[in-house]
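Coordinates from structure.csv are shown below (CSV, C-alpha atoms).
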chain,number,residue,atom,x,y,z
A,1,HIS,CA,56.8,63.0,-67.8
A,2,THR,CA,54.9,59.8,-68.3
A,3,ARG,CA,57.2,58.1,-65.8
A,4,GLY,CA,56.5,60.7,-63.2
A,5,ALA,CA,52.7,60.2,-63.6
A,6,ALA,CA,53.2,56.4,-63.0
A,7,VAL,CA,55.1,57.0,-59.8
A,8,LEU,CA,52.4,59.4,-58.6
A,9,ALA,CA,49.7,56.8,-59.3
A,10,LEU,CA,51.6,54.2,-57.4
A,11,GLN,CA,52.0,56.4,-54.4
A,12,VAL,CA,48.3,57.2,-54.5
A,13,THR,CA,47.5,53.4,-54.6
A,14,VAL,CA,49.8,52.7,-51.6
A,15,LEU,CA,48.1,55.5,-49.6
A,16,LEU,CA,44.6,54.2,-50.4
A,17,ALA,CA,45.6,50.7,-49.4
A,18,SER,CA,47.1,51.9,-46.1
A,19,ALA,CA,43.9,53.8,-45.4
A,20,ALA,CA,41.8,50.8,-46.2
A,21,ARG,CA,43.9,48.6,-43.8
A,22,GLY,CA,43.6,51.2,-41.1
A,23,ALA,CA,39.8,51.3,-41.5
A,24,VAL,CA,39.6,47.5,-41.4
A,25,ALA,CA,41.7,47.5,-38.3
A,26,GLN,CA,39.5,50.1,-36.7
A,27,ASP,CA,36.4,48.0,-37.6
A,28,VAL,CA,37.9,44.8,-36.2
A,29,ALA,CA,38.8,46.6,-33.0
A,30,ALA,CA,35.3,48.0,-32.6
A,31,LEU,CA,33.8,44.6,-33.3
A,32,GLY,CA,36.0,43.0,-30.7
A,33,GLN,CA,35.0,45.6,-28.2
A,34,ALA,CA,31.3,45.2,-28.9
A,35,LEU,CA,31.7,41.4,-28.7
A,36,GLY,CA,33.4,41.7,-25.3
A,37,GLN,CA,30.7,43.9,-24.0
A,38,CYS,CA,28.0,41.5,-25.2
A,39,ARG,CA,29.7,38.6,-23.5
A,40,GLY,CA,29.9,40.5,-20.2
A,41,GLU,CA,26.2,41.4,-20.3
A,42,LEU,CA,25.4,37.7,-21.1
A,43,GLU,CA,27.4,36.5,-18.1
A,44,GLY,CA,25.7,39.1,-15.9
A,45,CYS,CA,22.3,37.7,-17.1
A,46,PHE,CA,23.4,34.1,-16.2
A,47,ASN,CA,24.6,35.3,-12.7
A,48,ALA,CA,21.3,37.1,-12.1
A,49,GLU,CA,19.3,34.0,-13.1
A,50,ALA,CA,21.3,31.8,-10.8
A,51,THR,CA,20.8,34.2,-7.9
A,52,CYS,CA,17.1,34.4,-8.6
A,53,ARG,CA,16.7,30.6,-8.7
A,54,ALA,CA,18.7,30.2,-5.5
A,55,SER,CA,16.5,32.7,-3.6
A,56,CYS,CA,13.2,31.7,-5.1
A,57,THR,CA,10.8,30.2,-2.6
A,58,ARG,CA,8.8,28.2,-5.2
A,59,PRO,CA,9.7,24.4,-5.0
A,60,THR,CA,12.2,23.4,-7.7
A,61,LYS,CA,11.0,20.7,-10.1
A,62,SER,CA,12.5,17.4,-9.3
A,63,SER,CA,13.7,17.1,-12.9
A,64,ASP,CA,15.9,20.2,-12.3
A,65,GLN,CA,17.5,18.7,-9.3
A,66,VAL,CA,20.5,16.3,-8.9
A,67,PRO,CA,21.5,14.3,-5.8
A,68,GLY,CA,22.7,16.6,-3.1
A,69,ASP,CA,21.1,19.7,-4.6
A,70,HIS,CA,20.8,22.4,-1.9
A,71,ARG,CA,17.4,23.4,-3.3
A,72,ALA,CA,15.9,20.0,-2.5
A,73,PRO,CA,13.3,20.3,0.3
A,74,PRO,CA,14.1,18.7,3.7
A,75,TRP,CA,12.9,15.2,4.5
A,76,PRO,CA,9.5,15.2,6.3
A,77,GLU,CA,9.5,14.8,10.1
A,78,GLY,CA,9.6,11.2,11.1
A,79,TYR,CA,10.6,10.0,7.6
A,80,GLY,CA,12.9,7.3,9.0
A,81,ASN,CA,10.0,5.7,10.9
A,82,LEU,CA,7.7,5.2,7.9
A,83,LEU,CA,9.3,1.9,6.8
A,84,ARG,CA,8.8,0.2,10.1
A,85,PHE,CA,6.7,-3.0,10.3
A,86,PRO,CA,3.0,-2.3,11.2
A,87,PHE,CA,2.4,-2.4,14.9
A,88,ASP,CA,6.1,-3.3,15.4
A,89,LEU,CA,5.3,-6.9,14.3
A,90,SER,CA,7.9,-8.4,12.1
A,91,ASP,CA,6.4,-11.9,12.2
A,92,MET,CA,3.9,-12.1,9.3
A,93,LYS,CA,1.8,-14.8,11.0
A,94,ALA,CA,1.5,-12.7,14.1
A,95,LEU,CA,0.6,-9.7,11.9
A,96,LYS,CA,-2.1,-11.7,10.1
A,97,ASP,CA,-3.6,-12.8,13.3
A,98,TYR,CA,-3.6,-9.3,14.7
A,99,ALA,CA,-5.1,-7.9,11.4
A,100,ARG,CA,-7.9,-10.6,11.6
A,101,GLU,CA,-8.8,-9.4,15.1
A,102,LEU,CA,-8.8,-5.8,13.9
A,103,TRP,CA,-11.0,-6.4,10.9
A,104,GLN,CA,-13.6,-8.5,12.6
A,105,PRO,CA,-16.2,-5.9,13.9
A,106,ASP,CA,-18.4,-8.6,15.3
A,107,GLY,CA,-15.6,-10.6,16.7
A,108,THR,CA,-15.1,-14.3,15.8
A,109,ALA,CA,-16.7,-17.6,16.5
A,110,ALA,CA,-14.0,-18.0,19.2
A,111,THR,CA,-15.4,-15.0,21.2
A,112,LEU,CA,-18.9,-16.4,21.6
A,113,PRO,CA,-19.6,-16.8,25.3
A,114,ASP,CA,-19.7,-20.1,27.2
A,115,GLY,CA,-22.9,-21.7,28.5
A,116,ARG,CA,-26.3,-21.8,26.8
A,117,ASN,CA,-27.4,-18.8,24.7
A,118,GLU,CA,-30.9,-17.4,24.4
A,119,ARG,CA,-31.8,-19.7,21.4
A,120,GLY,CA,-31.0,-22.8,23.3
A,121,PHE,CA,-27.5,-23.7,22.0
A,122,GLU,CA,-25.0,-24.8,24.6
A,123,LYS,CA,-21.3,-24.3,23.9
A,124,ARG,CA,-18.9,-27.3,24.1
A,125,ALA,CA,-15.5,-25.7,23.6
A,126,GLY,CA,-12.8,-27.7,21.7
A,127,MET,CA,-15.3,-30.4,20.5
A,128,ARG,CA,-16.9,-31.7,17.3
A,129,CYS,CA,-19.9,-33.9,16.8
A,130,THR,CA,-19.4,-37.3,15.1
A,131,SER,CA,-22.6,-36.9,13.0
A,132,GLU,CA,-21.5,-34.1,10.6
A,133,MET,CA,-23.9,-33.3,7.8
A,134,VAL,CA,-21.3,-33.8,5.1
A,135,SER,CA,-21.5,-31.2,2.2
A,136,VAL,CA,-24.4,-29.4,3.8
A,137,HIS,CA,-23.5,-25.7,4.0
A,138,PRO,CA,-26.6,-23.5,3.8
A,139,VAL,CA,-25.1,-20.5,5.5
A,140,GLY,CA,-22.0,-18.5,4.8
A,141,GLY,CA,-19.2,-19.4,2.4
A,142,ALA,CA,-15.5,-19.5,1.7
A,143,GLY,CA,-13.8,-16.2,1.9
A,144,GLU,CA,-16.6,-14.5,3.7
A,145,ARG,CA,-16.4,-12.7,7.0
A,146,TRP,CA,-17.8,-13.9,10.3
A,147,SER,CA,-20.6,-11.8,11.6
A,148,LYS,CA,-23.4,-11.8,14.1
A,149,GLN,CA,-25.9,-12.0,11.3
A,150,LEU,CA,-24.2,-15.2,10.0
A,151,TRP,CA,-24.4,-16.8,13.4
A,152,ALA,CA,-28.1,-15.9,13.7
A,153,GLU,CA,-28.8,-17.4,10.3
A,154,ALA,CA,-27.0,-20.6,11.2
A,155,GLN,CA,-29.0,-21.0,14.4
A,156,ALA,CA,-32.3,-20.2,12.6
A,157,TRP,CA,-31.5,-22.8,9.9
A,158,CYS,CA,-30.7,-25.5,12.5
A,159,LEU,CA,-33.8,-24.8,14.5
A,160,GLY,CA,-35.8,-25.1,11.3
A,161,GLN,CA,-34.5,-28.7,10.6
A,162,ALA,CA,-36.0,-31.5,12.6
A,163,ASN,CA,-32.7,-33.6,12.4
A,164,CYS,CA,-30.3,-30.7,13.2
A,165,SER,CA,-28.8,-31.4,16.6
A,166,GLY,CA,-25.9,-28.9,16.7
A,167,ILE,CA,-23.6,-26.4,15.0
A,168,MET,CA,-19.8,-26.6,14.6
A,169,LEU,CA,-17.8,-23.3,14.2
A,170,TYR,CA,-14.2,-23.1,13.2
A,171,ILE,CA,-11.9,-21.2,15.6
A,172,GLY,CA,-8.5,-22.3,14.4
A,173,LYS,CA,-5.6,-19.9,13.4
A,174,HIS,CA,-4.6,-21.6,10.2
A,175,THR,CA,-5.0,-18.9,7.5
A,176,MET,CA,-6.1,-21.3,4.6
A,177,ASN,CA,-8.5,-23.2,6.8
A,178,CYS,CA,-10.0,-20.0,8.1
A,179,HIS,CA,-10.5,-18.8,4.6
A,180,TYR,CA,-12.7,-21.8,3.9
A,181,TRP,CA,-14.4,-22.4,7.3
A,182,CYS,CA,-14.4,-19.2,9.5
A,183,ALA,CA,-17.6,-18.1,8.0
A,184,ARG,CA,-19.1,-21.5,7.0
A,185,PRO,CA,-20.6,-23.4,9.9
A,186,GLN,CA,-21.0,-27.2,9.8
A,187,PHE,CA,-24.1,-29.0,11.2
A,188,CYS,CA,-24.8,-32.2,13.1
A,189,SER,CA,-27.6,-34.6,12.3
A,190,GLY,CA,-27.5,-37.2,15.1
A,191,PRO,CA,-28.3,-37.0,18.8
A,192,ILE,CA,-25.4,-35.5,20.8
A,193,VAL,CA,-25.6,-37.5,24.0
A,194,GLY,CA,-22.6,-38.7,25.9
A,195,ASP,CA,-18.9,-38.7,24.9
A,196,ALA,CA,-19.4,-41.1,22.1
A,197,ALA,CA,-21.3,-38.5,20.1
A,198,MET,CA,-18.4,-36.0,20.3
A,199,GLU,CA,-14.7,-35.9,19.5
A,200,PRO,CA,-12.0,-33.4,20.7
A,201,SER,CA,-10.7,-30.7,18.3
A,202,LEU,CA,-8.4,-27.7,18.9
A,203,GLU,CA,-9.9,-25.9,15.9
A,204,TRP,CA,-13.6,-26.2,16.4
A,205,ASN,CA,-16.3,-25.4,19.0
A,206,LEU,CA,-19.6,-27.3,19.1
A,207,PHE,CA,-22.9,-25.8,20.0
A,208,VAL,CA,-25.4,-28.4,21.0
A,209,ARG,CA,-29.1,-27.7,20.4
A,210,SER,CA,-31.2,-28.2,23.4
A,211,ALA,CA,-33.9,-31.0,23.3
Will you turn the file into structure tokens for me?
Amino acid sequence: HTRGAAVLALQVTVLLASAARGAVAQDVAALGQALGQCRGELEGCFNAEATCRASCTRPTKSSDQVPGDHRAPPWPEGYGNLLRFPFDLSDMKALKDYARELWQPDGTAATLPDGRNERGFEKRAGMRCTSEMVSVHPVGGAGERWSKQLWAEAQAWCLGQANCSGIMLYIGKHTMNCHYWCARPQFCSGPIVGDAAMEPSLEWNLFVRSA
């Protein structure tokens, strides 16, 4: 009798174990099915996001783009022409000369007309006096810009000095020399009569004060 009870208990244990394994298998299957469904939904979200980004009209941040990104905006019209030399001048010296002309609203000393002006100064193109007032520069200064006002002040100063006989203005093209002399007239102290009182110069014009 005792032996029969033991066999019955063993059979019950085996049945319970089988039932437990079946329940676990069912749980695992259900979990796998739920996980697969979740992965499918997540992939759908990713696809929807990509579609939304591709169709979005708002400019994409540059940090989100890579070279060749189809979302990058097109190059602006005429982009290839932006890096050309200004005014189509590749020679820097020619470009500086052109810029000097552009940024001289009152012209330069070289543009002053020939002949005698209204204040009695007569132009002698390409000449300097031999009686320069050395280190006398009461008007203008290095690095300043030529102007009509500066020319008027130079004439007024010369007319106010009994020994001032003329004014010399730099008209050269050398950049460094122009920096120092284009807006700093030089003055003459001796009588300017005859060729001996003058000397030729390609970079200066002389304006002789009338007696």
Top pick for closest residue to His137 (chain A), considering A:Cys38, A:Ala94, A:Cys178, A:Ala183 and counting only C-alpha atoms: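 Distance minimum relative to His137 (chain A) lands on A:Ala183.
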Could you tell me how far CA of Glu199 (chain A) sits from CA of Glu153 (chain A), in Å to one decimal place? 25.0 Å
Could you work out how far CA of Arg209 (chain A) lies from CA of Gln155 (chain A), giving the answer in Å with one decimal?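 Distance between the two atoms: 9.0 Å.
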Could you state the separation of CA of Ser201 (chain A) and CA of Ala125 (chain A) in Å, given to one decimal place?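 Distance reported for this atom pair: 8.7 Å.
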Out of A:Leu150, A:Leu206, A:Val136, A:Met198, which residue has the shortest atom-to-atom distance to Met168 (chain A) when counting all atoms listed in the file?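 Checking each of A:Leu150, A:Leu206, A:Val136, A:Met198 against Met168 (chain A), counting all atoms listed in the file, the winner is A:Leu206.
Distances here use only C-alpha atoms; by that measure, the residue among A:Trp75, A:Trp157, A:Phe121, A:Trp146 closest to Ser210 (chain A) is A:Phe121.
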List as an NGL selection string the protein and nucleic acid residues near region 185-191 of chain A, meaning an atom at most 6 Å away when all atoms listed in the file are counted, but skip any in the same chain fewer than 6 places from it. :A and (131-133 or 163-169)
Using only C-alpha atoms, can you list as a PyMOL selection string the residues within 10 Å of (-10.9, -25.8, 21.7)? chain A and resi 110+124-128+170-172+200-206
Of A:Cys182, A:Ser147, A:Gln26, A:Met92, the one sitting nearest Gly107 (chain A) when using all atoms listed in the file is A:Ser147
